[in-house]
Amino acid sequence: MHFETDRLILREWAPLADAQQAFDIYGDPQVTHWLDFPPDQSIHETQGRLQRYLSRSTGDACILAILEKAIDRIIGTLVLVHLPGTDGEPMPEMEIGWHLRQSSWGYGYATEAARPVAAYALTQIPELYAVALPDNRRSVNVMKRLGMTELGLTKKYHGGRELILYRVTATDFQAAESSG
């Protein structure tokens, strides 16, 4: 899959070519604090991560690099996958998510990257979910901008961590897009 917006290109990861830029993201404890894994300790570890991302980008799922056009630099990842359950196995619900390098926080990139992927996904499935740690206000704000509705706290996904769960239907997403 490939998407493009005014400022961004979303494309498949190239594990060897993208490893250094991805390590700048996944080696940063400030970024991985919000995720369910510790920071990568080496570029080799990040290459393995990107290879796993690439292998999971099949069928209805994708994990894409987010490239900022103006600086030709990878600034993050956009995730569209089946939510992993408490045992790590994929559940039926589809999750949209984002991981951005710290220097790219606060510029609207997560929302901009998520919109075309959510629009595409919601032509294929009736609803889309997102989760975040309850105190991750930045991600919660992105979810709200996407027209998502809070469903409360859950321990059903991502190894049983307590997360805040949001959902959007195609109708709600279209309404949010037309109003904003």
# chains A, B, ... in the order shown; residues from 1 in each chain; ligands from 1
>>> residues_around(residues="region 123-125 of chain A", least_positions_apart="6", cutoff="9 Å", atoms="only C-alpha atoms", output="MDAnalysis selection string")
chainID A and resid 60 94 169:170
>>> write_last_selection(atoms="N, CA and C atoms", output="mmCIF file, in the first residue's frame")
data_model
loop_
_atom_site.group_PDB
_atom_site.id
_atom_site.type_symbol
_atom_site.label_atom_id
_atom_site.label_comp_id
_atom_site.auth_asym_id
_atom_site.auth_seq_id
_atom_site.Cartn_x
_atom_site.Cartn_y
_atom_site.Cartn_z
ATOM 1 N N ASP A 60 -5.237 -7.435 4.600
ATOM 2 C CA ASP A 60 -5.906 -6.223 5.063
ATOM 3 C C ASP A 60 -5.057 -5.420 6.047
ATOM 4 N N MET A 94 -9.777 -4.456 13.860
ATOM 5 C CA MET A 94 -8.641 -3.799 13.198
ATOM 6 C C MET A 94 -8.280 -2.528 13.957
ATOM 7 N N THR A 169 -16.780 4.345 13.112
ATOM 8 C CA THR A 169 -17.457 3.679 11.997
ATOM 9 C C THR A 169 -17.219 4.516 10.745
ATOM 10 N N ALA A 170 -17.517 3.953 9.618
ATOM 11 C CA ALA A 170 -17.364 4.690 8.359
ATOM 12 C C ALA A 170 -18.218 5.960 8.372
#
>>> residues_around(residues="region 26-40 of chain A", least_positions_apart="4", cutoff="7 Å", atoms="only C-alpha atoms", output="ChimeraX atom specification")
/A:22,45-46,101-102,133
>>> select_by_dssp(residues="region 37-90 of chain A", states="helix (DSSP H, G or I)", output="ChimeraX atom specification")
/A:43-56,69-71
>>> write_last_selection(atoms="C-alpha atoms", output="compact mmCIF listing (two decimals), in the first residue's frame")
# COMPACT_ATOMS: atom_id res chain seq x y z
CA ILE A 43 20.31 -0.85 14.27
CA HIS A 44 20.38 -4.62 13.74
CA GLU A 45 17.47 -4.98 16.17
CA THR A 46 15.60 -2.25 14.30
CA GLN A 47 16.24 -4.00 10.98
CA GLY A 48 14.59 -7.08 12.44
CA ARG A 49 11.64 -4.98 13.60
CA LEU A 50 11.23 -3.50 10.10
CA GLN A 51 11.42 -6.96 8.54
CA ARG A 52 8.62 -8.12 10.87
CA TYR A 53 6.62 -5.02 9.94
CA LEU A 54 7.08 -5.79 6.26
CA SER A 55 6.01 -9.43 6.73
CA ARG A 56 2.87 -8.31 8.61
CA LYS A 69 8.34 15.17 1.89
CA ALA A 70 9.95 18.53 2.70
CA ILE A 71 12.99 16.95 4.35
>>> atom_distance(atom1="CA of Glu112 (chain A)", atom2="CA of Pro84 (chain A)")
24.4 Å
>>> atom_distance(atom1="CA of Thr171 (chain A)", atom2="CA of Trp105 (chain A)")
28.3 Å
>>> closest_residue(among="A:Ala176, A:Ile75, A:Ile164, A:Leu151", to="Tyr107 (chain A)", atoms="only C-alpha atoms")
A:Ile75
>>> closest_residue(among="A:Ala175, A:Ala130, A:Val140, A:Leu16", to="Thr154 (chain A)", atoms="only C-alpha atoms")
A:Ala130
